[in-house]
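Content type compact mmCIF, C-alpha atoms, from the file my_file_4.txt:
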```
# COMPACT_ATOMS: atom_id res chain seq x y z
CA MET Y 170 21.46 27.08 15.28
CA ALA Y 171 22.08 25.68 11.80
CA GLN Y 172 21.60 22.15 13.15
CA SER Y 173 18.25 22.98 14.73
CA SER Y 174 17.14 24.58 11.48
CA ILE Y 175 18.06 21.39 9.62
CA VAL Y 176 16.10 19.33 12.16
CA LYS Y 177 13.07 21.60 11.77
CA GLN Y 178 13.27 21.36 8.01
CA GLY Y 179 13.46 17.59 8.37
CA GLU Y 180 10.28 17.64 10.47
CA ALA Y 181 8.60 19.77 7.82
CA TYR Y 182 9.51 17.28 5.11
CA GLU Y 183 8.27 14.44 7.30
CA GLN Y 184 4.95 16.24 7.62
CA LEU Y 185 4.76 16.65 3.85
CA ARG Y 186 5.48 12.97 3.36
CA SER Y 187 2.59 12.12 5.66
CA ILE Y 188 0.27 14.51 3.82
CA ARG Y 189 1.28 13.00 0.47
CA ALA Y 190 0.39 9.61 1.93
CA ASN Y 191 -2.99 11.05 3.10
CA ASP Y 192 -2.24 10.20 6.71
CA GLU Y 193 -5.57 10.94 8.37
CA GLN Y 194 -4.10 11.91 11.74
CA VAL Y 195 -1.73 14.42 10.14
CA LEU Y 196 -4.41 15.88 7.85
CA LYS Y 197 -6.84 16.19 10.75
CA ALA Y 198 -4.20 17.88 12.91
CA LEU Y 199 -3.35 20.31 10.09
CA TYR Y 200 -7.03 21.16 9.73
CA ARG Y 201 -7.58 21.61 13.47
CA GLU Y 202 -4.46 23.69 13.93
CA ASN Y 203 -5.19 26.13 11.11
CA TYR Y 204 -8.95 26.56 10.90
CA PRO Y 205 -9.39 28.93 13.89
CA LYS Y 206 -7.01 31.57 12.53
CA VAL Y 207 -8.68 31.54 9.09
CA GLU Y 208 -12.14 31.70 10.65
CA ALA Y 209 -11.10 34.66 12.79
CA TYR Y 210 -9.72 36.45 9.72
CA ILE Y 211 -12.86 35.92 7.64
CA LEU Y 212 -15.20 36.89 10.47
CA ASP Y 213 -13.16 40.06 10.93
CA ASN Y 214 -13.48 40.78 7.21
CA SER Y 215 -17.20 40.68 6.55
CA GLY Y 216 -17.60 36.92 6.38
CA SER Y 217 -19.75 34.33 8.14
CA LYS Y 218 -18.77 31.05 9.79
CA GLU Y 219 -20.26 29.12 6.88
CA GLN Y 220 -18.17 31.12 4.41
CA ALA Y 221 -15.09 30.62 6.59
CA LYS Y 222 -15.60 26.86 6.52
CA ASP Y 223 -16.10 26.79 2.73
CA ILE Y 224 -13.10 29.01 2.00
CA PHE Y 225 -10.86 27.08 4.41
CA GLN Y 226 -11.83 23.75 2.88
CA GLU Y 227 -11.17 25.07 -0.64
CA ALA Y 228 -7.77 26.32 0.53
CA PHE Y 229 -7.05 23.03 2.29
CA ILE Y 230 -7.69 21.07 -0.91
CA ALA Y 231 -5.64 23.56 -2.98
CA VAL Y 232 -2.66 23.25 -0.61
CA TRP Y 233 -3.02 19.46 -0.49
CA ARG Y 234 -3.03 19.39 -4.30
CA ASN Y 235 0.14 21.47 -4.51
CA ILE Y 236 1.82 19.12 -2.06
CA GLN Y 237 0.75 16.10 -4.13
CA LEU Y 238 2.23 17.78 -7.23
CA ASP Y 239 5.47 18.72 -5.41
CA GLN Y 240 4.71 22.41 -5.86
CA PHE Y 241 5.32 23.35 -2.23
CA GLN Y 242 8.73 23.37 -0.55
CA PRO Y 243 8.81 24.19 3.17
CA GLU Y 244 11.52 26.27 4.74
CA ASN Y 245 10.69 25.13 8.27
CA GLU Y 246 8.00 23.33 10.25
CA THR Y 247 5.68 26.35 10.33
CA SER Y 248 5.91 27.14 6.60
CA LEU Y 249 2.95 24.92 5.77
CA ASN Y 250 0.70 26.62 8.32
CA GLY Y 251 1.65 30.02 6.92
CA TYR Y 252 1.09 28.83 3.36
CA LEU Y 253 -2.36 27.43 4.14
CA TYR Y 254 -3.34 30.67 5.86
CA ARG Y 255 -2.17 32.77 2.88
CA VAL Y 256 -4.03 30.59 0.38
CA ALA Y 257 -7.24 30.87 2.43
CA ARG Y 258 -6.79 34.60 2.87
CA ASN Y 259 -6.20 35.08 -0.87
CA LYS Y 260 -9.30 33.07 -1.68
CA TRP Y 261 -11.33 35.29 0.64
CA ILE Y 262 -9.88 38.44 -0.88
CA ASP Y 263 -10.67 37.10 -4.38
CA TYR Y 264 -14.21 36.33 -3.28
CA LEU Y 265 -14.74 39.83 -1.83
CA ARG Y 266 -13.30 41.47 -4.93
CA SER Y 267 -15.55 39.49 -7.26
CA ALA Y 268 -18.61 39.87 -5.05
CA HIS Y 269 -18.13 43.60 -4.55
CA ARG Y 270 -16.63 44.66 -7.87
CA ASN Y 271 -18.03 48.18 -7.67
CA LYS Y 272 -17.04 48.85 -4.10
CA ILE Y 273 -13.68 49.75 -2.70
CA ILE Y 274 -12.51 47.02 -0.36
CA GLN Y 275 -10.16 48.28 2.32
CA MET Y 276 -7.76 45.47 3.04
CA ASN Y 277 -4.71 45.98 5.17
CA ASP Y 278 -2.91 43.06 3.60
CA VAL Y 279 -0.03 43.24 1.18
CA PRO Y 280 -0.97 41.37 -2.00
CA GLU Y 281 0.65 37.94 -2.11
CA PRO Y 282 1.88 36.16 -5.20
CA ALA Y 283 -0.70 33.78 -6.63
CA THR Y 284 -0.44 30.14 -5.61
CA PRO Y 285 0.61 27.83 -8.44
CA GLU Y 286 -2.43 26.92 -10.51
CA LEU Y 287 -2.82 24.16 -13.04
CA PRO Y 288 -3.75 25.04 -16.64
CA ALA Y 289 -7.49 25.42 -17.07
CA GLU Y 290 -7.79 22.21 -19.11
CA GLU Y 291 -6.11 20.17 -16.36
CA ASN Y 292 -8.26 21.79 -13.65
CA ALA Y 293 -11.35 20.95 -15.68
CA TYR Y 294 -10.17 17.34 -16.10
CA ILE Y 295 -9.70 16.87 -12.33
CA ALA Y 296 -13.14 18.39 -11.71
CA ALA Y 297 -14.61 15.95 -14.25
CA VAL Y 298 -12.86 13.01 -12.55
CA LYS Y 299 -14.37 14.03 -9.20
CA LYS Y 300 -17.82 14.45 -10.72
CA HIS Y 301 -17.85 11.13 -12.57
CA PHE Y 302 -16.31 9.26 -9.64
CA ASN Y 303 -19.70 9.60 -7.97
CA GLU Y 304 -21.29 7.73 -10.87
CA LEU Y 305 -19.23 4.60 -10.27
CA GLY Y 306 -20.75 1.72 -8.32
CA ASP Y 307 -20.13 1.26 -4.57
CA ALA Y 308 -17.53 -1.45 -5.07
CA CYS Y 309 -15.51 0.63 -7.55
CA ARG Y 310 -15.57 3.71 -5.31
CA GLU Y 311 -14.50 1.57 -2.36
CA VAL Y 312 -11.63 -0.12 -4.23
CA LEU Y 313 -10.26 3.06 -5.77
CA THR Y 314 -10.51 5.06 -2.52
CA ARG Y 315 -8.83 2.33 -0.52
CA PHE Y 316 -6.02 1.83 -3.03
CA TYR Y 317 -5.22 5.38 -4.09
CA TYR Y 318 -6.23 7.48 -1.10
CA ARG Y 319 -5.73 5.15 1.84
CA ASN Y 320 -2.75 3.39 0.16
CA GLU Y 321 -4.06 -0.03 1.15
CA SER Y 322 -2.43 -3.02 -0.46
CA LEU Y 323 -4.31 -5.21 -2.91
CA ARG Y 324 -4.01 -8.00 -0.33
CA LEU Y 325 -5.91 -5.96 2.24
CA ILE Y 326 -8.47 -4.77 -0.28
CA ALA Y 327 -9.01 -8.35 -1.47
CA LYS Y 328 -9.64 -9.37 2.13
CA ALA Y 329 -12.12 -6.55 2.68
CA MET Y 330 -13.96 -7.23 -0.55
CA ARG Y 331 -13.71 -11.01 -0.18
CA TRP Y 332 -11.87 -11.39 -3.47
CA THR Y 333 -8.63 -13.06 -4.41
CA GLU Y 334 -5.73 -10.69 -4.80
CA ALA Y 335 -5.72 -11.28 -8.58
CA THR Y 336 -9.42 -10.35 -8.70
CA ALA Y 337 -8.72 -7.20 -6.72
CA ARG Y 338 -6.00 -6.22 -9.19
CA ASN Y 339 -8.26 -6.84 -12.20
CA ASN Y 340 -11.24 -5.11 -10.64
CA LYS Y 341 -9.15 -2.06 -9.77
CA TYR Y 342 -8.19 -1.77 -13.42
CA ARG Y 343 -11.79 -2.33 -14.57
CA CYS Y 344 -12.96 0.43 -12.26
CA ILE Y 345 -10.37 2.79 -13.69
CA GLN Y 346 -11.57 1.84 -17.19
CA LYS Y 347 -15.19 2.55 -16.20
CA LEU Y 348 -14.16 5.96 -14.89
CA LYS Y 349 -12.29 6.69 -18.12
CA GLU Y 350 -15.37 5.65 -20.16
CA LEU Y 351 -17.47 8.12 -18.18
CA LEU Y 352 -14.86 10.80 -18.77
CA ASN Y 353 -14.81 9.97 -22.48
CA LYS Y 354 -18.58 10.37 -22.72
CA ASN Y 355 -18.17 13.72 -20.97
CA THR Y 356 -15.68 15.00 -23.54
CA ARG Y 357 -17.80 13.81 -26.45
CA THR Y 358 -21.02 15.51 -25.26
CA MET P 547 -8.70 16.46 -22.66
CA LYS P 548 -8.68 13.38 -24.86
CA GLU P 549 -8.93 10.17 -22.80
CA HIS P 550 -5.99 7.85 -23.50
CA GLN P 551 -6.55 4.09 -23.47
CA ILE P 552 -3.74 2.55 -21.45
CA PRO P 553 -3.27 -1.23 -21.04
CA ASN P 554 -3.15 -2.46 -17.45
CA GLU P 555 0.53 -3.35 -17.52
CA GLU P 556 1.53 0.14 -18.64
CA PHE P 557 -0.99 1.70 -16.26
CA GLU P 558 0.55 -0.14 -13.31
CA GLN P 559 4.03 0.87 -14.43
CA ILE P 560 2.92 4.51 -14.57
CA GLU P 561 1.35 4.16 -11.10
CA ARG P 562 4.61 2.79 -9.72
CA PHE P 563 6.57 5.59 -11.39
CA LEU P 564 4.28 8.29 -10.00
CA SER P 565 4.46 6.85 -6.50
CA GLU P 566 8.25 6.33 -6.85
CA ASP P 567 7.69 2.69 -6.05
CA MET P 568 10.29 1.42 -8.51
CA PRO P 569 13.89 0.23 -8.24
CA GLU P 570 16.21 3.16 -8.96
CA GLU P 571 17.43 1.74 -12.27
CA GLU P 572 13.92 1.16 -13.58
CA TYR P 573 12.86 4.63 -12.40
CA GLN P 574 15.72 6.34 -14.23
CA ALA P 575 15.08 4.31 -17.38
CA PHE P 576 11.39 5.23 -17.33
CA ALA P 577 12.19 8.91 -16.71
CA LEU P 578 14.52 8.86 -19.71
CA LYS P 579 11.84 7.19 -21.86
CA LEU P 580 9.42 9.95 -20.82
CA GLU P 581 11.75 12.64 -22.05
CA GLN P 582 12.01 10.97 -25.42
CA ASP P 583 8.38 9.96 -25.92
CA PRO P 584 5.85 12.85 -25.81
CA ALA P 585 2.89 10.48 -26.21
CA LEU P 586 3.99 8.49 -23.17
CA SER P 587 4.57 11.72 -21.29
CA GLU P 588 0.98 12.75 -22.06
CA ARG P 589 -0.37 9.41 -20.83
CA VAL P 590 1.63 9.73 -17.62
CA ARG P 591 0.40 13.28 -17.01
CA GLN P 592 -3.21 12.25 -17.61
CA THR P 593 -2.84 9.30 -15.25
CA GLN P 594 -1.36 11.60 -12.63
CA LEU P 595 -4.35 13.94 -12.92
CA LEU P 596 -6.82 11.04 -12.90
CA LEU P 597 -5.37 9.65 -9.69
CA LEU P 598 -5.20 13.14 -8.21
CA GLY P 599 -8.91 13.57 -8.92
CA ILE P 600 -9.75 10.26 -7.23
CA LYS P 601 -7.70 11.16 -4.16
CA GLU P 602 -9.04 14.70 -4.03
CA HIS P 603 -12.59 13.36 -4.09
CA ALA P 604 -11.78 11.17 -1.08
CA LEU P 605 -10.12 14.05 0.78
CA ALA P 606 -13.09 16.34 0.15
CA GLY P 607 -15.32 13.65 1.64
CA GLN P 608 -13.36 13.74 4.88
CA LEU P 609 -13.23 17.49 5.45
CA ASP P 610 -16.62 17.83 7.12
CA SER P 611 -15.64 15.16 9.64
CA PHE P 612 -12.35 17.00 10.28
CA HIS P 613 -14.39 20.15 10.78
CA ALA P 614 -16.80 18.49 13.17
CA SER P 615 -13.96 17.09 15.26
CA SER P 616 -11.93 20.30 15.19
CA GLY P 617 -13.71 22.06 18.07
CA HIS P 618 -13.19 25.28 16.16
CA SER P 619 -13.65 28.68 17.74
CA GLN P 620 -17.07 29.91 18.68
CA GLY P 621 -16.42 33.35 17.35
CA ARG P 622 -15.30 36.40 19.26
CA VAL P 623 -15.22 36.47 23.03
CA ARG P 624 -17.13 39.41 24.34
CA LYS P 625 -16.16 41.02 27.56
CA MET P 626 -18.93 40.83 30.14
CA LEU P 627 -18.64 41.94 33.69
CA ASN P 628 -21.96 40.43 34.74
CA ALA P 629 -21.59 38.66 38.13
CA LYS P 630 -23.73 35.69 37.06
CA TYR P 631 -21.49 35.18 34.04
CA LEU P 632 -18.39 35.33 36.25
CA TRP P 633 -19.81 32.70 38.64
CA ALA P 634 -20.70 30.43 35.70
CA ALA P 635 -17.24 30.90 34.23
CA ALA P 636 -15.57 30.18 37.56
CA SER P 637 -17.65 27.00 38.00
CA LEU P 638 -16.72 25.88 34.52
CA VAL P 639 -13.03 26.49 35.23
CA PHE P 640 -13.36 24.45 38.44
CA ILE P 641 -14.97 21.57 36.56
CA VAL P 642 -12.33 21.73 33.83
CA VAL P 643 -9.51 21.69 36.42
CA LEU P 644 -11.07 18.69 38.15
CA SER P 645 -11.42 16.93 34.81
CA VAL P 646 -7.79 17.64 33.92
CA VAL P 647 -6.65 16.26 37.29
CA TRP P 648 -8.79 13.15 36.80
CA LEU P 649 -7.67 12.71 33.20
CA ASN P 650 -4.02 13.01 34.13
CA ARG P 651 -4.42 10.24 36.67
CA GLU P 652 -6.23 7.87 34.30
CA GLY P 653 -5.48 9.71 31.13
CA LYS P 654 -2.23 8.55 29.56
CA TYR P 655 -3.62 5.23 28.29
CA GLU P 656 -7.05 6.60 27.48
CA LYS P 657 -5.44 9.42 25.49
CA ILE P 658 -3.37 6.97 23.49
CA PHE P 659 -6.48 4.94 22.68
CA SER P 660 -8.50 8.04 21.75
CA ALA P 661 -5.73 9.43 19.58
CA TYR P 662 -5.17 6.31 17.52
CA PHE P 663 -8.34 4.23 17.53
CA GLU P 664 -10.58 4.23 14.46
CA PRO P 665 -13.04 1.34 14.14
CA ASP P 666 -12.36 -1.18 11.40
CA PRO P 667 -14.54 -0.03 8.49
CA GLY P 668 -15.93 -3.53 7.95
CA LEU P 669 -16.38 -5.65 4.87
CA MET P 670 -18.39 -5.01 1.74
CA THR P 671 -21.72 -6.79 2.01
CA THR P 672 -23.57 -8.57 -0.75
CA MET P 673 -26.70 -9.81 1.09
CA SER P 674 -26.90 -12.50 -1.55
CA ALA P 675 -25.85 -15.96 -0.34
CA VAL P 676 -28.42 -17.51 2.02
CA ASP P 677 -25.87 -19.14 4.29
CA ASN P 678 -24.03 -15.79 4.72
CA TYR P 679 -27.18 -13.73 5.16
CA THR P 680 -26.87 -13.44 8.93
CA PHE P 681 -23.20 -12.54 8.67
CA ASP P 682 -23.87 -9.89 6.04
CA ARG P 683 -26.89 -8.55 7.90
CA ALA P 684 -24.73 -8.14 10.99
CA MET P 685 -22.07 -6.41 8.90
CA VAL P 686 -24.69 -3.91 7.73
CA ASP P 687 -25.54 -3.29 11.41
CA TYR P 688 -21.85 -2.92 12.25
CA LYS P 689 -21.22 -0.42 9.45
CA SER P 690 -24.27 1.56 10.59
CA GLY P 691 -22.87 1.79 14.12
CA LYS P 692 -25.40 -0.69 15.54
CA TYR P 693 -22.70 -2.66 17.30
CA GLU P 694 -24.91 -4.48 19.84
CA GLU P 695 -27.18 -5.81 17.10
CA ALA P 696 -24.14 -6.86 15.04
CA ILE P 697 -22.63 -8.73 18.00
CA GLN P 698 -25.89 -10.58 18.69
CA ARG P 699 -26.22 -11.72 15.07
CA TRP P 700 -22.56 -12.79 14.81
CA GLU P 701 -22.64 -14.61 18.11
CA SER P 702 -25.63 -16.59 16.85
CA LEU P 703 -23.29 -17.95 14.15
CA SER P 704 -20.56 -19.07 16.51
CA GLY P 705 -22.19 -22.50 16.74
CA THR P 706 -21.96 -22.88 12.95
CA TRP P 707 -18.48 -21.34 12.60
CA PRO P 708 -16.85 -21.97 15.98
CA ALA P 709 -13.24 -21.23 15.03
CA SER P 710 -13.92 -18.47 12.54
CA ASP P 711 -11.33 -15.73 12.63
CA THR P 712 -13.67 -13.49 10.68
CA LEU P 713 -16.36 -13.78 13.35
CA ASN P 714 -13.95 -13.38 16.24
CA TYR P 715 -12.26 -10.40 14.60
CA PHE P 716 -15.47 -8.52 13.95
CA ILE P 717 -17.12 -9.36 17.25
CA GLY P 718 -13.95 -8.04 18.90
CA SER P 719 -14.05 -4.97 16.64
CA ALA P 720 -17.68 -4.32 17.52
CA TRP P 721 -16.95 -4.45 21.26
CA LEU P 722 -13.92 -2.20 20.74
CA ALA P 723 -15.97 0.32 18.77
CA GLN P 724 -18.11 0.64 21.90
CA GLN P 725 -14.90 1.05 23.93
CA GLN P 726 -15.65 -2.20 25.77
CA THR P 727 -11.98 -3.17 25.69
CA GLY P 728 -12.35 -5.91 28.32
CA LYS P 729 -14.92 -7.70 26.16
CA ALA P 730 -13.02 -7.09 22.92
CA ILE P 731 -9.69 -8.49 24.09
CA PRO P 732 -10.57 -12.22 24.28
CA TYR P 733 -11.95 -12.22 20.73
CA LEU P 734 -8.99 -10.34 19.30
CA GLN P 735 -6.56 -12.59 21.21
CA LYS P 736 -8.00 -15.64 19.45
CA VAL P 737 -7.33 -14.03 16.04
CA ALA P 738 -3.87 -12.76 17.05
CA SER P 739 -2.86 -16.26 18.14
CA ASN P 740 -3.54 -17.64 14.64
CA GLY P 741 -0.48 -17.00 12.55
CA GLN P 742 -2.35 -17.92 9.34
CA SER P 743 -5.23 -15.52 9.83
CA VAL P 744 -5.79 -12.87 7.16
CA PHE P 745 -6.82 -10.59 10.03
CA LEU P 746 -3.62 -11.22 11.99
CA LYS P 747 -1.92 -7.84 11.59
CA GLU P 748 -5.12 -5.87 12.11
CA ALA P 749 -6.00 -7.96 15.17
CA CYS P 750 -2.54 -7.25 16.61
CA TRP P 751 -3.07 -3.53 16.04
CA TYR P 752 -6.49 -3.39 17.69
CA LEU P 753 -5.48 -5.77 20.47
CA GLY P 754 -2.47 -3.57 21.14
CA LEU P 755 -4.69 -0.50 21.42
CA ALA P 756 -7.19 -2.32 23.64
CA LEU P 757 -4.45 -3.54 25.98
CA ALA P 758 -2.93 -0.05 26.02
CA ARG P 759 -6.25 1.39 27.13
CA GLU P 760 -6.35 -1.18 29.93
CA GLY P 761 -2.93 0.01 31.06
CA ARG P 762 -1.30 -3.32 30.09
CA ALA P 763 1.58 -1.52 28.42
CA GLU P 764 4.03 -4.38 28.03
CA GLU P 765 1.49 -6.73 26.46
CA ALA P 766 0.23 -3.90 24.25
CA THR P 767 3.75 -3.22 22.99
CA GLY P 768 4.23 -6.85 21.97
CA PHE P 769 1.09 -6.87 19.84
CA LEU P 770 1.63 -3.42 18.37
CA GLU P 771 5.08 -4.50 17.20
CA ARG P 772 3.46 -7.33 15.26
CA SER P 773 1.07 -4.98 13.48
CA ASP P 774 2.01 -3.20 10.26
CA ARG P 775 0.75 0.25 11.14
CA LYS P 776 3.37 2.97 10.92
CA GLU P 777 1.88 4.73 13.98
CA LYS P 778 2.98 1.85 16.19
CA THR P 779 6.44 3.33 16.85
CA ALA P 780 4.98 6.53 18.28
CA ILE P 781 2.52 4.61 20.46
CA ILE P 782 5.17 2.25 21.79
CA GLN P 783 7.31 5.24 22.75
CA ARG P 784 4.40 6.79 24.61
CA LEU P 785 3.72 3.55 26.45
CA GLN P 786 7.24 3.44 27.91
```
Spit out the file's structure as structure tokens when you get a sec.
Amino acid sequence: MAQSSIVKQGEAYEQLRSIRANDEQVLKALYRENYPKVEAYILDNSGSKEQAKDIFQEAFIAVWRNIQLDQFQPENETSLNGYLYRVARNKWIDYLRSAHRNKIIQMNDVPEPATPELPAEENAYIAAVKKHFNELGDACREVLTRFYYRNESLRLIAKAMRWTEATARNNKYRCIQKLKELLNKNTRT
Amino acid sequence: MKEHQIPNEEFEQIERFLSEDMPEEEYQAFALKLEQDPALSERVRQTQLLLLGIKEHALAGQLDSFHASSGHSQGRVRKMLNAKYLWAAASLVFIVVLSVVWLNREGKYEKIFSAYFEPDPGLMTTMSAVDNYTFDRAMVDYKSGKYEEAIQRWESLSGTWPASDTLNYFIGSAWLAQQQTGKAIPYLQKVASNGQSVFLKEACWYLGLALAREGRAEEATGFLERSDRKEKTAIIQRLQ
């Protein structure tokens, strides 16, 4: 029994490793496996399909972020599914409470501890990065997405962009600098 | 949050630290330096958040496609005892059963292909140099999903660039994106037989998948082993 629990925990850590590496197959499977239960919950609790999709995607990103920051430790291979569900459910409860402040919301759920949140300043910084990323040129967005999200090597990126590897390295840095300049302008205004 | 200016060398070192892509000794030394240098610690934290923002942006961009491919529930099932509904449901079940039987006969190799194939995203295009115009124009077609048009334009260049790995690779990729594995294989084989090609590992990957779909398991395994995709181990196991 203890051995099988160790194996299952190993599988859970393997899944986390894949998520940290932004493995598309694993992320897609996690999405597919967990969306129906969240949708059913939100539809059963005064929500629409569109709201279910939005809430689930917010929860998905929040859970992904916590995994990237090593703020989630699984106990077994189903811990992540349960965690994602709880985060989505909490987000829906928060939404209902803020949307219907003057009404009593009958929820049969036991309140869950809040998921780890970054300080407001850090949250705002990440939001600013995402906003200003859109203002970069096509080539910069392509290079940065390939390198940091898809974990492609500079060799592969150089091939795709028809650069030398040294050019790819320098351009990656220049793109980061451009993004930082945009962020700097944001903090000054 | 004040934006720190970080020289490229330090930035790359921070990247390697954050991704734990450092020899153990260097990692420990850097971790120790962090504890002793609050300014460095701040730069590392900001870099971590910057890279997180970039990655999160990319993830957010994928979620709608995950949603579209999820086949999520259609809402609640209502109980209906209408005879017409029951006949329609029974017919649907019959069709599904037939499809499952058919898929199981043909399905193992097709399933492997469907599970792992994603078209090569293509190259960035500049549409600038005259002599590459046709190539770039075809690449625009390819990236827009107009694979037939892309193939026609690229094949028109094969007289000018007869031994071009780039052409062969992308013509093969365009056929493969249309699931025409039989037509894709010869082009990808040419690239996979050139040990110096920059497309070698990718060609081996796609050729492996194409051969797998054709049920040529042993050949597929050989090419998949030469690719550098981490999914190859799982596919090779399924092919056995």
Can you list, as a list in words, every protein, DNA or RNA residue that comes within 12 Å of His603 in chain P when you count all atoms listed in the file, leaving out same-chain residues fewer than 2 positions away? Ile230, Trp233, Arg234, Ile295, Ala296, Ala297, Val298, Lys299, Lys300, His301, Phe302, Asn303, Arg310, Leu313, Thr314, Tyr317 and Tyr318 of chain Y; Leu596, Leu597, Leu598, Gly599, Ile600, Lys601, Leu605, Ala606, Gly607, Gln608 and Leu609 of chain P
Generate the output file for the selected residues, C-alpha atoms, as a JSON list (two decimals), in the frame of the given file.
```json
[["chain", "number", "residue", "atom", "x", "y", "z"],
["Y", 230, "ILE", "CA", -7.69, 21.07, -0.91],
["Y", 233, "TRP", "CA", -3.02, 19.46, -0.49],
["Y", 234, "ARG", "CA", -3.03, 19.39, -4.30],
["Y", 295, "ILE", "CA", -9.70, 16.87, -12.33],
["Y", 296, "ALA", "CA", -13.14, 18.39, -11.71],
["Y", 297, "ALA", "CA", -14.61, 15.95, -14.25],
["Y", 298, "VAL", "CA", -12.86, 13.01, -12.55],
["Y", 299, "LYS", "CA", -14.37, 14.03, -9.20],
["Y", 300, "LYS", "CA", -17.82, 14.45, -10.72],
["Y", 301, "HIS", "CA", -17.85, 11.13, -12.57],
["Y", 302, "PHE", "CA", -16.31, 9.26, -9.64],
["Y", 303, "ASN", "CA", -19.70, 9.60, -7.97],
["Y", 310, "ARG", "CA", -15.57, 3.71, -5.31],
["Y", 313, "LEU", "CA", -10.26, 3.06, -5.77],
["Y", 314, "THR", "CA", -10.51, 5.06, -2.52],
["Y", 317, "TYR", "CA", -5.22, 5.38, -4.09],
["Y", 318, "TYR", "CA", -6.23, 7.48, -1.10],
["P", 596, "LEU", "CA", -6.82, 11.04, -12.90],
["P", 597, "LEU", "CA", -5.37, 9.65, -9.69],
["P", 598, "LEU", "CA", -5.20, 13.14, -8.21],
["P", 599, "GLY", "CA", -8.91, 13.57, -8.92],
["P", 600, "ILE", "CA", -9.75, 10.26, -7.23],
["P", 601, "LYS", "CA", -7.70, 11.16, -4.16],
["P", 605, "LEU", "CA", -10.12, 14.05, 0.78],
["P", 606, "ALA", "CA", -13.09, 16.34, 0.15],
["P", 607, "GLY", "CA", -15.32, 13.65, 1.64],
["P", 608, "GLN", "CA", -13.36, 13.74, 4.88],
["P", 609, "LEU", "CA", -13.23, 17.49, 5.45]]
```
Within 10 Å of chain Y, which residues of chain P show up when using only C-alpha atoms, listed as number ranges by chain? P: 547-555, 557-558, 561, 565, 591-592, 594-606, 608-622, 661-662, 667-672, 744-745, 748, 777
Which residues, written as a ChimeraX atom specification, have at least one atom at most 10 Å from Gln574 in chain P, with all atoms listed in the file counted and residues fewer than 6 positions away on the same chain left out? /P:563,568,580
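Interatomic distance, CA of Glu694 in chain P to CA of Phe769 in chain P: 26.1 Å.
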For CA of Ala766 in chain P and CA of Asp711 in chain P, quote the distance in Å rounded to one decimal.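 About the pair CA of Ala766 in chain P and CA of Asp711 in chain P: they are 20.2 Å apart.
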Atom-to-atom span, CA of Cys750 in chain P and CA of Ser710 in chain P, Å: 16.5 Å
Could you list, as a VMD selection string, every residue within 12 Å of Arg762 in chain P, counting all atoms listed in the file and ignoring same-chain residues fewer than 3 positions away? chain P and resid 654 to 656 727 to 728 731 753 to 759 765 to 769 782 785 to 786
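Minimum atom-to-atom distance to Arg258 in chain Y, evaluated using all atoms listed in the file, belongs to Y:Ile211 out of Y:Ala327, Y:Ile211, Y:Val195, Y:Val312.
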